[in-house]
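Have a look at work11.cif; it's mmCIF, C-alpha atoms:
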```cif
data_run
#
loop_
_atom_site.label_atom_id
_atom_site.label_comp_id
_atom_site.auth_asym_id
_atom_site.auth_seq_id
_atom_site.Cartn_x
_atom_site.Cartn_y
_atom_site.Cartn_z
CA MET I 1 12.93 41.15 178.25
CA ARG I 2 11.26 44.51 177.61
CA GLU I 3 10.05 46.48 180.59
CA LEU I 4 6.63 48.12 180.61
CA TYR I 5 7.88 51.42 181.93
CA THR I 6 7.47 54.67 180.01
CA GLY I 7 11.23 54.90 179.46
CA ASP I 8 11.22 51.88 177.18
CA GLU I 9 11.68 53.18 173.65
CA TYR I 10 9.86 50.27 171.97
CA PHE I 11 6.56 50.86 173.74
CA SER I 12 7.02 54.61 173.66
CA GLN I 13 7.38 54.63 169.85
CA ILE I 14 4.17 52.63 169.43
CA GLU I 15 2.31 54.93 171.83
CA LYS I 16 3.51 58.03 169.96
CA LYS I 17 2.35 56.61 166.62
CA LEU I 18 -1.02 55.67 168.07
CA GLU I 19 -1.50 59.07 169.66
CA LYS I 20 -1.20 60.60 166.18
CA GLU I 21 -3.56 58.04 164.59
CA LEU I 22 -6.35 58.03 167.19
CA ASP I 23 -8.56 60.82 168.42
CA LYS I 24 -7.98 61.92 172.02
CA LYS I 25 -10.92 59.99 173.48
CA ARG I 26 -9.90 56.78 171.67
CA PHE I 27 -6.29 57.16 172.78
CA ILE I 28 -7.35 57.53 176.43
CA HIS I 29 -9.53 54.42 176.05
CA THR I 30 -6.64 52.56 174.40
CA LYS I 31 -4.26 53.32 177.24
CA GLY I 32 -6.94 52.22 179.71
CA VAL I 33 -7.37 48.91 177.89
CA ALA I 34 -3.60 48.34 177.78
CA TYR I 35 -3.21 48.87 181.53
CA THR I 36 -6.33 46.86 182.34
CA ALA I 37 -5.02 44.04 180.15
CA VAL I 38 -1.71 44.07 182.03
CA SER I 39 -3.55 43.92 185.35
CA LEU I 40 -5.62 40.96 184.18
CA ALA I 41 -2.54 39.24 182.74
CA MET I 42 -0.75 39.66 186.05
CA ALA I 43 -3.71 38.19 187.94
CA HIS I 44 -3.89 35.21 185.57
CA GLY I 45 -0.18 34.51 185.07
CA GLU I 46 -0.06 35.60 181.43
CA ASN I 47 2.66 37.49 179.57
CA LEU I 48 2.50 41.17 180.57
CA GLN I 49 4.20 42.53 177.46
CA ASP I 50 1.88 40.63 175.13
CA ALA I 51 -1.15 41.85 177.07
CA TYR I 52 0.11 45.43 176.97
CA LEU I 53 0.79 45.39 173.22
CA ALA I 54 -2.52 43.71 172.38
CA GLY I 55 -4.40 46.19 174.57
CA LEU I 56 -2.47 49.12 173.16
CA LEU I 57 -3.10 48.12 169.54
CA HIS I 58 -6.61 46.67 169.86
CA ASP I 59 -8.24 49.77 168.31
CA CYS I 60 -5.42 50.83 165.97
CA ALA I 61 -7.85 50.74 163.01
CA LYS I 62 -10.82 52.26 164.84
CA CYS I 63 -10.40 55.85 163.61
CA ILE I 64 -9.85 54.98 159.95
CA PRO I 65 -12.75 56.37 157.86
CA ALA I 66 -15.31 53.75 156.75
CA ASP I 67 -14.49 53.93 153.03
CA ASP I 68 -10.79 53.58 153.78
CA LYS I 69 -11.46 50.56 156.04
CA LEU I 70 -13.30 48.84 153.20
CA ALA I 71 -10.53 49.68 150.73
CA LEU I 72 -7.86 48.36 153.11
CA CYS I 73 -9.82 45.16 153.62
CA ARG I 74 -9.88 44.68 149.86
CA LYS I 75 -6.16 45.48 149.65
CA TYR I 76 -5.33 42.86 152.28
CA LYS I 77 -7.88 40.40 150.84
CA LEU I 78 -9.82 40.07 154.08
CA THR I 79 -13.00 38.03 153.84
CA LEU I 80 -15.96 40.17 154.86
CA SER I 81 -19.45 39.09 155.78
CA GLU I 82 -22.49 40.98 154.50
CA ALA I 83 -22.90 42.50 157.95
CA GLU I 84 -19.29 43.74 157.93
CA GLN I 85 -19.67 45.22 154.45
CA ALA I 86 -22.86 47.01 155.52
CA ASN I 87 -21.34 48.25 158.80
CA PRO I 88 -17.63 49.10 158.43
CA ASP I 89 -17.35 49.86 162.17
CA LEU I 90 -17.28 46.09 162.63
CA LEU I 91 -14.07 45.89 160.59
CA HIS I 92 -11.73 47.63 163.01
CA ALA I 93 -10.79 44.46 164.92
CA LYS I 94 -10.05 42.26 161.91
CA LEU I 95 -8.34 45.12 160.06
CA GLY I 96 -6.57 46.15 163.26
CA ALA I 97 -4.75 42.82 163.38
CA VAL I 98 -3.44 43.44 159.85
CA ILE I 99 -2.48 47.04 160.65
CA ALA I 100 -0.69 45.90 163.83
CA LYS I 101 1.36 43.49 161.73
CA GLU I 102 2.03 45.77 158.76
CA LYS I 103 2.40 49.19 160.39
CA TYR I 104 3.56 48.33 163.91
CA ASP I 105 5.58 45.22 163.00
CA ILE I 106 3.82 42.89 165.44
CA GLN I 107 4.68 39.32 164.42
CA ASN I 108 3.30 37.48 167.45
CA ASP I 109 0.17 35.57 166.37
CA ASP I 110 -1.17 35.52 169.94
CA ILE I 111 -1.20 39.33 170.00
CA LEU I 112 -2.63 39.58 166.49
CA ASN I 113 -5.44 37.14 167.32
CA ALA I 114 -6.25 38.99 170.53
CA ILE I 115 -6.67 42.16 168.45
CA CYS I 116 -8.70 40.37 165.78
CA TYR I 117 -11.22 38.86 168.21
CA HIS I 118 -11.46 41.61 170.81
CA THR I 119 -14.99 42.62 169.77
CA THR I 120 -16.60 39.39 168.59
CA GLY I 121 -14.88 36.76 170.64
CA LYS I 122 -14.77 33.21 169.29
CA PRO I 123 -15.04 29.65 170.56
CA ASP I 124 -12.06 28.36 172.55
CA MET I 125 -10.44 31.76 173.08
CA THR I 126 -6.90 31.81 174.47
CA GLU I 127 -6.24 33.50 177.80
CA LEU I 128 -4.77 36.54 176.03
CA GLU I 129 -7.80 36.81 173.73
CA LYS I 130 -10.10 36.69 176.77
CA ILE I 131 -7.99 39.26 178.61
CA VAL I 132 -8.15 41.82 175.78
CA TYR I 133 -11.86 41.14 175.19
CA ILE I 134 -12.68 41.76 178.87
CA ALA I 135 -10.19 44.63 179.26
CA ASP I 136 -11.85 46.46 176.36
CA TYR I 137 -15.24 46.03 177.99
CA MET I 138 -14.29 46.99 181.54
CA GLU I 139 -11.49 49.55 181.28
CA PRO I 140 -11.96 52.45 183.74
CA ASN I 141 -12.68 55.14 181.13
CA ARG I 142 -15.50 53.15 179.49
CA LYS I 143 -18.95 54.67 179.74
CA MET I 144 -21.29 52.65 181.92
CA LEU I 145 -22.81 49.73 180.01
CA ASP I 146 -25.33 47.11 181.10
CA GLY I 147 -23.64 44.68 183.46
CA LEU I 148 -20.38 46.65 183.60
CA LYS I 149 -20.55 47.19 187.36
CA GLU I 150 -20.80 43.45 187.93
CA VAL I 151 -17.96 42.66 185.52
CA ARG I 152 -15.68 45.18 187.19
#
```
Can I see the file as structure tokens?
Amino acid sequence: MRELYTGDEYFSQIEKKLEKELDKKRFIHTKGVAYTAVSLAMAHGENLQDAYLAGLLHDCAKCIPADDKLALCRKYKLTLSEAEQANPDLLHAKLGAVIAKEKYDIQNDDILNAICYHTTGKPDMTELEKIVYIADYMEPNRKMLDGLKEVR
């Protein structure tokens, strides 16, 4: 079993890659989501490593330029709605799941789905999907949003 400590090379390699791919503010947010996801997973009896990886990779496609996001979606044959085509910022979750699989070698469908649905949610979400969705919303570095105080 992998440990979540900073000495673990597996997690450390992913963090180093992400730190190069994301801007500083996004990387700080990402680390906050990962640790919040672990805290929620612990409270709800879910797998800590899965929560950490899903939280860590949830925004792995966020800093990709809009035109590149659209091109990557075409490359990976992702089905896009009209709203997604008109607003490429909406693509980072769906594309992030593909990037997590292709670039970061994540093969666990539970983690990939948690990344994919972390912004939109979906009916009948799994516990991990709910954890990442809520962790993204409530992580400590997040600017204050309506209802955030109550959620926290």
ask   = How far is it from atom CA of I:Lys16 to atom CA of I:Gln49, in Å with one decimal?
value = 17.2 Å
key: Straight-line distance linking atom CA of I:Leu112 with atom CA of I:Ala100, stated in Å to one decimal   =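 Distance reported for this atom pair: 7.1 Å.
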inquiry  = Here is a test: counting only C-alpha atoms, which residue of I:Ser81, I:Asn113, I:Gln107, I:Gln13 is nearest to I:Gly55?
reply    =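 Looking only at the distances to I:Gly55, the closest residue turns out to be I:Asn113.
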query = Evaluating the PyMOL selection byres ((chain I and resi 70) around 12) on the displayed file yields which residues, as number ranges by chain?
reply = I: 61, 64-69, 71-81, 84-92, 94-95
inquiry  = I'd like the interatomic distance between atom CA of I:Gly32 and atom CA of I:Glu102, to a tenth of an Å.
reply    =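 Going from atom CA of I:Gly32 over to atom CA of I:Glu102 covers 23.7 Å.
For the residues I:His44, I:Ala97, I:Glu82, I:Lys31, ranking by smallest atom-to-atom distance to I:Cys60 using all atoms listed in the file places I:Ala97 first.
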key: Using all atoms listed in the file: which of I:Asp50, I:Arg26, I:Tyr104, I:Ile99 has the shortest distance to I:Glu129   =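 Distance minimum relative to I:Glu129 lands on I:Asp50.
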key: Within 12 Å of I:Ile28 using all atoms listed in the file, minus same-chain residues under 2 positions, as a list of chain:residue names   =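 The filter keeps I:Glu15, I:Leu18, I:Glu19, I:Leu22, I:Asp23, I:Lys24, I:Lys25, I:Arg26, I:Thr30, I:Lys31, I:Gly32, I:Val33, I:Ala34, I:Tyr35, I:Gly55, I:Leu56, I:Asp59, I:Asp136, I:Glu139, I:Pro140, I:Asn141, I:Arg142.
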request  = Could you check which of I:Val132, I:Leu48, I:Leu40, I:Met138 is closest to I:Ile115, using all atoms listed in the file?
outcome  =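 Ranked by minimum distance to I:Ile115, first place goes to I:Val132.
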request  = Determine the nearest neighbour of I:Ala54 from the options I:Ala114, I:Ala93, I:Ile14, I:Ala41, counting all atoms listed in the file.
outcome  = I:Ala114
To test the calculation: enclose all listed atoms of stretch 56-70 of chain I in a box whose edges run along x, y and z, add 6 Å on each side, then state centre and edge lengths in Å to one decimal, as AutoDock Vina command-line options.
```
--center_x -8.9 --center_y 51.5 --center_z 163.1 --size_x 24.8 --size_y 21.7 --size_z 32.1
```
